[in-house]
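Novice: data.tsv is reproduced in full below (TSV, C-alpha atoms).
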```tsv
chain	number	residue	atom	x	y	z
H	525	MET	CA	1.42	-15.07	22.92
H	526	ASN	CA	4.11	-13.38	24.99
H	527	ASN	CA	6.97	-10.97	24.48
H	528	SER	CA	9.32	-13.78	23.41
H	529	GLN	CA	7.48	-13.52	20.12
H	530	PRO	CA	8.76	-11.05	17.48
H	531	LEU	CA	7.96	-7.36	17.78
H	532	ILE	CA	5.43	-6.15	15.23
H	533	SER	CA	5.33	-2.50	14.15
H	534	LEU	CA	1.98	-1.07	13.11
H	535	LEU	CA	2.71	2.13	11.21
H	536	VAL	CA	0.24	5.01	10.93
H	537	ALA	CA	1.17	7.89	8.62
H	538	ASN	CA	-1.38	10.63	9.28
H	539	PHE	CA	-2.38	13.87	7.63
H	540	ASN	CA	-5.67	15.54	8.52
H	541	ASN	CA	-7.53	12.40	9.58
H	542	GLY	CA	-8.46	13.55	13.07
H	543	GLU	CA	-12.06	12.52	12.45
H	544	PHE	CA	-11.15	8.84	12.20
H	545	ILE	CA	-7.72	8.27	13.74
H	546	GLU	CA	-8.91	7.31	17.24
H	547	GLU	CA	-10.90	4.42	15.77
H	548	THR	CA	-7.82	3.37	13.79
H	549	LEU	CA	-5.59	3.39	16.86
H	550	GLN	CA	-8.15	1.51	18.93
H	551	SER	CA	-8.16	-1.33	16.40
H	552	ALA	CA	-4.35	-1.48	16.68
H	553	VAL	CA	-4.48	-1.55	20.49
H	554	ASP	CA	-7.15	-4.28	20.46
H	555	GLN	CA	-5.00	-6.86	18.63
H	556	THR	CA	-4.95	-10.39	20.03
H	557	TYR	CA	-1.21	-10.47	19.37
H	558	THR	CA	0.30	-8.33	22.10
H	559	ASN	CA	3.96	-7.73	21.28
H	560	ILE	CA	3.18	-4.70	19.14
H	561	GLU	CA	4.49	-1.17	18.87
H	562	ILE	CA	2.36	1.49	17.21
H	563	VAL	CA	4.29	4.22	15.41
H	564	VAL	CA	2.24	7.29	14.52
H	565	ILE	CA	3.69	10.18	12.54
H	566	ASP	CA	1.59	13.26	11.94
H	567	ASP	CA	2.66	15.11	8.80
H	568	ALA	CA	1.88	18.67	9.95
H	569	SER	CA	-1.89	18.21	10.05
H	570	MET	CA	-4.09	21.30	10.14
H	571	ASP	CA	-7.05	19.65	11.86
H	572	SER	CA	-7.51	18.09	15.30
H	573	SER	CA	-5.25	15.09	14.60
H	574	VAL	CA	-2.42	15.95	17.01
H	575	GLU	CA	-4.75	16.64	19.91
H	576	LYS	CA	-6.73	13.45	19.20
H	577	VAL	CA	-3.62	11.25	19.13
H	578	LYS	CA	-2.15	12.83	22.27
H	579	ALA	CA	-5.43	12.28	24.11
H	580	PHE	CA	-5.56	8.66	22.93
H	581	VAL	CA	-2.00	8.01	24.13
H	582	GLU	CA	-2.84	9.46	27.56
H	583	LYS	CA	-5.93	7.25	27.81
H	584	ASN	CA	-3.93	4.14	26.87
H	585	PRO	CA	-0.73	4.29	28.96
H	586	ALA	CA	-0.18	0.54	28.69
H	587	ALA	CA	-0.12	0.64	24.89
H	588	ASN	CA	3.29	0.82	23.22
H	589	ILE	CA	2.62	3.96	21.14
H	590	HIS	CA	5.33	6.24	19.73
H	591	PHE	CA	4.01	9.55	18.42
H	592	PHE	CA	5.99	12.00	16.29
H	593	VAL	CA	4.89	15.28	14.70
H	594	ASN	CA	6.49	16.85	11.63
H	595	GLU	CA	6.81	20.62	11.81
H	596	LYS	CA	6.52	20.82	8.02
H	597	ASN	CA	4.57	18.61	5.66
H	598	SER	CA	6.84	16.05	3.98
H	599	GLY	CA	5.12	16.45	0.62
H	600	GLY	CA	3.88	12.93	0.05
H	601	CYS	CA	3.13	9.45	1.36
H	602	GLY	CA	6.49	8.04	0.29
H	603	SER	CA	8.43	10.37	2.54
H	604	ILE	CA	6.30	10.01	5.66
H	605	LYS	CA	6.04	6.22	5.33
H	606	ASN	CA	9.81	6.04	5.05
H	607	GLN	CA	9.90	7.94	8.33
H	608	CYS	CA	7.53	5.43	9.90
H	609	ILE	CA	9.77	2.53	8.98
H	610	ALA	CA	12.91	4.38	10.13
H	611	PHE	CA	11.38	5.09	13.55
H	612	SER	CA	10.10	1.53	14.07
H	613	LYS	CA	11.95	-1.47	15.53
H	614	GLY	CA	9.77	-4.47	14.69
H	615	GLU	CA	10.97	-7.59	12.92
H	616	TYR	CA	7.80	-7.25	10.86
H	617	PHE	CA	5.80	-4.15	9.99
H	618	ALA	CA	2.48	-3.23	8.41
H	619	PHE	CA	0.87	0.05	7.46
H	620	LEU	CA	-2.52	0.96	8.87
H	621	ASP	CA	-3.99	4.00	7.19
H	622	PRO	CA	-5.37	6.59	9.64
H	623	GLU	CA	-8.97	6.28	8.46
H	624	ASP	CA	-9.08	2.47	8.36
H	625	THR	CA	-9.19	-0.35	10.92
H	626	ILE	CA	-8.18	-4.00	11.25
H	627	GLU	CA	-9.79	-7.06	12.78
H	628	PRO	CA	-8.53	-7.92	16.30
H	629	ASN	CA	-6.84	-11.08	14.96
H	630	ALA	CA	-5.32	-9.49	11.84
H	631	VAL	CA	-1.70	-9.37	13.05
H	632	GLU	CA	-1.91	-12.82	14.63
H	633	GLU	CA	-3.30	-14.41	11.45
H	634	LEU	CA	-0.62	-12.98	9.15
H	635	LEU	CA	2.27	-13.46	11.55
H	636	LYS	CA	1.36	-17.13	12.02
H	637	VAL	CA	2.09	-17.74	8.33
H	638	HIS	CA	5.38	-15.85	8.53
H	639	LEU	CA	6.52	-17.92	11.52
H	640	GLU	CA	5.53	-21.20	9.88
H	641	ASN	CA	7.40	-20.36	6.68
H	642	GLN	CA	10.28	-17.90	6.90
H	643	SER	CA	10.63	-17.67	3.12
H	644	PHE	CA	7.90	-15.05	2.58
H	645	SER	CA	8.70	-11.35	2.30
H	646	ILE	CA	5.02	-10.36	2.56
H	647	VAL	CA	1.96	-12.10	3.92
H	648	TYR	CA	-1.21	-10.24	2.96
H	649	CYS	CA	-4.99	-10.57	3.04
H	650	THR	CA	-7.93	-8.93	1.35
H	651	HIS	CA	-10.09	-6.12	2.75
H	652	TRP	CA	-13.62	-4.84	3.11
H	653	LEU	CA	-14.60	-1.77	1.09
H	654	CYS	CA	-16.64	0.34	3.50
H	655	ASN	CA	-18.71	3.52	3.50
H	656	GLU	CA	-17.79	6.56	5.57
H	657	LYS	CA	-19.29	4.94	8.67
H	658	LEU	CA	-16.96	1.96	8.12
H	659	GLU	CA	-19.90	-0.30	7.29
H	660	PRO	CA	-18.73	-3.06	4.89
H	661	GLN	CA	-20.20	-2.77	1.40
H	662	SER	CA	-18.19	-5.40	-0.49
H	663	ILE	CA	-14.91	-7.31	-0.50
H	664	SER	CA	-12.17	-5.98	-2.76
H	665	THR	CA	-12.04	-7.70	-6.12
H	666	TRP	CA	-8.55	-6.37	-6.87
H	667	VAL	CA	-6.75	-8.07	-3.99
H	668	GLY	CA	-6.13	-11.79	-4.21
H	669	LYS	CA	-3.77	-14.67	-4.84
H	670	ILE	CA	-1.33	-14.00	-7.64
H	671	PRO	CA	-1.73	-16.71	-10.31
H	672	ASP	CA	1.03	-19.30	-10.60
H	673	GLY	CA	3.79	-18.18	-12.95
H	674	GLN	CA	2.95	-14.50	-12.49
H	675	SER	CA	3.99	-11.72	-10.11
H	676	HIS	CA	2.40	-8.62	-8.61
H	677	LEU	CA	3.80	-6.75	-11.61
H	678	THR	CA	2.40	-9.05	-14.30
H	679	SER	CA	-0.68	-10.45	-12.54
H	680	THR	CA	-3.88	-10.70	-14.55
H	681	ASP	CA	-5.95	-11.49	-11.47
H	682	GLY	CA	-4.94	-11.11	-7.82
H	683	HIS	CA	-2.76	-8.33	-6.44
H	684	ILE	CA	-1.09	-7.33	-3.16
H	685	SER	CA	-2.75	-4.71	-0.98
H	686	ALA	CA	-3.74	-4.00	2.61
H	687	PHE	CA	-3.45	-5.66	4.99
H	688	ALA	CA	0.19	-6.63	4.33
H	689	LEU	CA	2.70	-7.77	6.96
H	690	CYS	CA	6.25	-7.23	5.68
H	691	LYS	CA	9.45	-8.86	6.91
H	692	ARG	CA	11.98	-6.17	7.78
H	693	ALA	CA	15.01	-8.35	6.91
H	694	ASP	CA	13.72	-8.53	3.33
H	695	TYR	CA	12.76	-4.86	3.23
H	696	ASP	CA	16.31	-3.96	4.25
H	697	LYS	CA	17.58	-5.70	1.11
H	698	THR	CA	15.71	-3.17	-1.04
H	699	ASP	CA	16.42	0.54	-1.42
H	700	GLY	CA	13.23	1.26	0.52
H	701	ILE	CA	10.06	3.08	-0.41
H	702	ASN	CA	10.75	5.83	-2.93
H	703	PRO	CA	10.41	9.02	-0.82
H	704	THR	CA	9.46	11.11	-3.86
H	705	TYR	CA	6.23	9.17	-4.41
H	706	GLN	CA	3.20	11.28	-3.50
H	707	VAL	CA	0.95	8.20	-3.73
H	708	ALA	CA	1.30	4.55	-4.87
H	709	GLU	CA	4.19	4.23	-2.44
H	710	ASP	CA	2.65	0.97	-1.22
H	711	GLN	CA	2.80	-0.45	-4.74
H	712	ASP	CA	6.44	0.61	-4.98
H	713	LEU	CA	7.03	-1.28	-1.72
H	714	TYR	CA	5.22	-4.46	-2.79
H	715	LEU	CA	7.02	-4.60	-6.14
H	716	LYS	CA	10.42	-4.31	-4.46
H	717	MET	CA	9.61	-6.83	-1.74
H	718	GLU	CA	8.44	-9.53	-4.17
H	719	GLU	CA	11.77	-9.18	-5.98
H	720	ILE	CA	13.52	-10.31	-2.78
H	721	ALA	CA	11.33	-13.27	-1.77
H	722	PRO	CA	7.91	-14.89	-2.44
H	723	VAL	CA	4.65	-13.46	-1.09
H	724	TYR	CA	1.69	-15.31	0.40
H	725	TYR	CA	-2.05	-14.54	0.32
H	726	ILE	CA	-4.63	-15.30	3.03
H	727	ASP	CA	-8.18	-15.30	1.67
H	728	LYS	CA	-9.76	-13.42	4.58
H	729	PRO	CA	-10.95	-9.78	4.77
H	730	LEU	CA	-9.12	-8.61	7.92
H	731	TYR	CA	-8.86	-4.92	6.99
H	732	TYR	CA	-11.60	-2.26	6.74
H	733	TYR	CA	-10.95	0.33	4.02
H	734	ARG	CA	-13.01	3.47	4.52
H	735	LYS	CA	-14.33	5.31	1.48
H	736	HIS	CA	-14.95	8.97	2.22
H	737	ASP	CA	-14.77	12.37	0.53
H	738	HIS	CA	-11.16	13.07	1.54
H	739	ASN	CA	-9.75	9.64	0.83
H	740	SER	CA	-6.86	9.90	-1.63
H	741	SER	CA	-7.92	6.82	-3.61
H	742	TRP	CA	-11.53	7.61	-4.49
H	743	ASN	CA	-11.83	11.17	-5.79
H	744	GLU	CA	-11.66	11.04	-9.63
H	745	GLN	CA	-8.98	13.72	-9.83
H	746	LYS	CA	-6.91	11.79	-7.29
H	747	GLN	CA	-7.50	8.49	-9.08
H	748	HIS	CA	-5.92	10.06	-12.14
H	749	HIS	CA	-3.05	11.28	-9.93
H	750	ASN	CA	-2.68	7.78	-8.42
H	751	LEU	CA	-2.61	6.18	-11.86
H	752	PHE	CA	0.35	8.34	-12.86
H	753	TRP	CA	2.43	7.34	-9.81
H	754	TYR	CA	1.45	3.67	-10.04
H	755	HIS	CA	2.60	3.67	-13.66
H	756	LEU	CA	5.96	5.09	-12.53
H	757	ALA	CA	6.31	2.33	-9.91
H	758	GLN	CA	5.57	-0.34	-12.51
H	759	ASN	CA	8.08	1.07	-14.98
H	760	ALA	CA	10.75	1.29	-12.27
H	761	ALA	CA	10.13	-2.37	-11.39
H	762	ARG	CA	10.47	-3.44	-15.03
H	763	LYS	CA	13.80	-1.66	-15.32
H	764	ARG	CA	15.09	-3.22	-12.08
H	765	ARG	CA	14.12	-6.73	-13.09
H	766	LYS	CA	15.57	-6.47	-16.57
H	767	GLN	CA	18.79	-4.96	-15.26
H	768	HIS	CA	19.44	-7.18	-12.27
H	769	GLN	CA	17.96	-10.49	-13.49
H	770	THR	CA	16.10	-11.05	-10.20
H	771	ALA	CA	14.37	-14.30	-9.33
H	772	ALA	CA	10.96	-12.65	-9.60
H	773	VAL	CA	8.87	-13.78	-12.55
H	774	ASN	CA	9.90	-11.88	-15.66
H	775	PHE	CA	7.57	-10.21	-18.12
H	776	THR	CA	7.18	-10.24	-21.89
H	777	LYS	CA	7.26	-7.29	-24.25
H	778	LYS	CA	3.58	-7.92	-24.95
H	779	GLN	CA	2.73	-7.60	-21.25
H	780	ILE	CA	4.71	-4.36	-20.95
H	781	ASP	CA	3.13	-2.85	-24.04
H	782	LYS	CA	-0.34	-3.88	-22.90
H	783	LYS	CA	0.13	-2.10	-19.57
H	784	ASN	CA	1.54	1.03	-21.23
H	785	PHE	CA	-1.27	1.02	-23.78
H	786	GLY	CA	-3.89	0.72	-21.03
H	787	TYR	CA	-2.28	3.50	-19.02
H	788	HIS	CA	-2.34	6.03	-21.87
H	789	ILE	CA	-5.91	5.09	-22.83
H	790	GLN	CA	-7.09	5.66	-19.24
H	791	MET	CA	-5.31	9.01	-19.13
H	792	ALA	CA	-6.86	9.98	-22.47
H	793	LYS	CA	-10.35	9.14	-21.24
H	794	PHE	CA	-9.77	11.15	-18.07
H	795	TYR	CA	-8.72	14.27	-19.98
H	796	ARG	CA	-11.64	13.85	-22.38
H	797	ARG	CA	-14.12	13.76	-19.49
H	798	LYS	CA	-12.51	16.95	-18.18
H	799	GLY	CA	-12.96	18.63	-21.57
H	800	ASN	CA	-9.21	18.90	-22.22
H	801	PHE	CA	-9.26	17.44	-25.72
H	802	LEU	CA	-5.70	18.47	-26.60
H	803	LEU	CA	-4.20	16.46	-23.73
H	804	SER	CA	-6.61	13.63	-24.47
H	805	LEU	CA	-5.43	13.51	-28.08
H	806	LYS	CA	-1.78	13.51	-26.96
H	807	GLU	CA	-2.43	10.47	-24.76
H	808	TYR	CA	-4.11	8.61	-27.63
H	809	PHE	CA	-1.05	9.29	-29.80
H	810	LYS	CA	1.21	8.00	-27.00
H	811	ALA	CA	-0.85	4.79	-26.94
H	812	LEU	CA	-0.52	4.16	-30.69
H	813	PRO	CA	3.05	2.73	-30.76
H	814	TYR	CA	2.03	-0.03	-28.35
H	815	CYS	CA	-0.65	-1.25	-30.75
H	816	TYR	CA	2.01	-2.73	-33.02
H	817	THR	CA	2.79	-5.41	-30.44
H	818	PHE	CA	-0.80	-6.67	-30.54
H	819	ILE	CA	-0.93	-6.55	-34.33
H	820	LEU	CA	2.38	-8.40	-34.80
H	821	SER	CA	1.53	-11.01	-32.16
H	822	ARG	CA	-1.55	-12.23	-34.00
```
What's the C-alpha cells form of this structure?
Specialist:
Amino acid sequence: MNNSQPLISLLVANFNNGEFIEETLQSAVDQTYTNIEIVVIDDASMDSSVEKVKAFVEKNPAANIHFFVNEKNSGGCGSIKNQCIAFSKGEYFAFLDPEDTIEPNAVEELLKVHLENQSFSIVYCTHWLCNEKLEPQSISTWVGKIPDGQSHLTSTDGHISAFALCKRADYDKTDGINPTYQVAEDQDLYLKMEEIAPVYYIDKPLYYYRKHDHNSSWNEQKQHHNLFWYHLAQNAARKRRKQHQTAAVNFTKKQIDKKNFGYHIQMAKFYRRKGNFLLSLKEYFKALPYCYTFILSR
C-alpha cells in the first residue's frame, strides 16, 4: 500500500508504562500498512516512560511518531484519550494501550473491511489474553460478533473491544469520549459509535492484551472501580437512545432492569468480600426494585 491510502492514527495514552512501551511502539512501527501516524501522549508519568519514548523516536527517525508530554496528570483515561484524538489527523484511528501489542497485519486487516464497506463506524477483532511476558494464555471470550437484533449495549454474547479501528467521520458525529471517565472510556466510545453506524467483527486475535500487576483491568479493587464507570456509560447510552430515537437497536425494560440488578449484586458481593457489610447490604437493597420486572414477566 502507498500514501494514497487513508492515514491511520494509532493512539497511545501512557501513564507509568515505561517497562513495556517500547515493545508497544515497535508493534505499531512494524505494521504492514505503512500510511500510519503514531500519537503518543504521556500523562505526567513518574517512571522512565518519557526517556524510553524519546529514545525510541530517535532510533526510528523514519517512523511518523508525534510525542506529547502533559505537565500535570489529566486525572483519567477519558481526558488523555480525548487529547490523543484531538492531536491526531487520521481518517481512521485506533487505541493501542502502552503495555499491549498488535500483530503486524492488524491495521491492514481491519482497514480492508472499512474500505470495502464504508457503512461501518467500527471494525474490530478479538484479542489474546497474555501473561506479563506477553505470552498468549487464551483468547478473550467477551469479545465477539454481536448477535443479530442486538447491540453492544444489549448483547448477550459478543461485545466490542480491542483492537477496534474507528472511522473519524462517524466519531465526529458524537460528542466524543466523556473526558470525566477515569476508566471504561473505551466502552463510552463504542456505545456512541454504534449509535451512528453499524459495527463489524473480524474473528481473528490480532491484539495482545498484557495482564500484569499494574494493569487497570485486573486488580480486584480496580475491577470494582471499572464496573462503576462501565455502568455509568451504559446508563448514559440508554438515556441517549430513548431520548433521540437513534437507529441503534433499542432495549426493553426487562433488559435494563436485568443489567441494573446484576450491577448492584456484583457491587454487593465486592463489598461483602471486603468485609464492608453495611455497603453490601445497601447494594442488595438497591437491587431489590429490579426483581419486580422478573416476577411480573413470568
Novice: For Ile701 in chain H, please output as a list in words all residues within 9 Å (counting only C-alpha atoms; exclusion window: fewer than 3 positions along the same chain).
Specialist: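 Close residues of Ile701 in chain H: Gly602, Ser603, Lys605, Asn606, Thr698, Thr704, Tyr705, Glu709, Asp710, Asp712, Leu713 and Lys716 of chain H.
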Novice: Limited to C-alpha atoms, could you put the picked residues into a file as an mmCIF file, in the frame of the given file?
Specialist:
```cif
data_model
loop_
_atom_site.group_PDB
_atom_site.id
_atom_site.type_symbol
_atom_site.label_atom_id
_atom_site.label_comp_id
_atom_site.auth_asym_id
_atom_site.auth_seq_id
_atom_site.Cartn_x
_atom_site.Cartn_y
_atom_site.Cartn_z
ATOM 1 C CA GLY H 602 6.490 8.040 0.290
ATOM 2 C CA SER H 603 8.430 10.370 2.540
ATOM 3 C CA LYS H 605 6.040 6.220 5.330
ATOM 4 C CA ASN H 606 9.810 6.040 5.050
ATOM 5 C CA THR H 698 15.710 -3.170 -1.040
ATOM 6 C CA THR H 704 9.460 11.110 -3.860
ATOM 7 C CA TYR H 705 6.230 9.170 -4.410
ATOM 8 C CA GLU H 709 4.190 4.230 -2.440
ATOM 9 C CA ASP H 710 2.650 0.970 -1.220
ATOM 10 C CA ASP H 712 6.440 0.610 -4.980
ATOM 11 C CA LEU H 713 7.030 -1.280 -1.720
ATOM 12 C CA LYS H 716 10.420 -4.310 -4.460
#
```
Novice: What does the structure give for the distance between CA of Asn538 in chain H and CA of Gln607 in chain H, in Å to one decimal?
Specialist: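 Here the two named atoms are 11.6 Å from each other.
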Novice: Can you list, as JSON, numbers by chain, every protein, DNA or RNA residue that comes within 9 Å of range 645-659 of chain H when you count all atoms listed in the file, leaving out same-chain residues fewer than 2 positions away?
Specialist: {"H": [624, 625, 626, 630, 634, 635, 637, 638, 642, 643, 661, 662, 663, 664, 665, 666, 667, 668, 669, 684, 685, 686, 687, 688, 689, 690, 691, 692, 693, 694, 695, 714, 717, 718, 720, 721, 722, 723, 724, 725, 726, 727, 728, 729, 730, 731, 732, 733, 734, 735, 736, 737]}
Novice: Report, in Å to a single decimal, how far apart CA of Thr680 in chain H and CA of Leu812 in chain H are.
Specialist: 22.2 Å
Novice: Separation of CA of Glu561 in chain H and CA of Lys578 in chain H, in Å?
Specialist: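 Separating CA of Glu561 in chain H from CA of Lys578 in chain H is a distance of 15.9 Å.
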Novice: Which of these, H:Lys782, H:Ile532, H:Ala708, H:Asp571, has the shortest distance to Ala618 in chain H once you count all atoms listed in the file?
Specialist: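 Of all the options, H:Ile532 lies closest to Ala618 in chain H.
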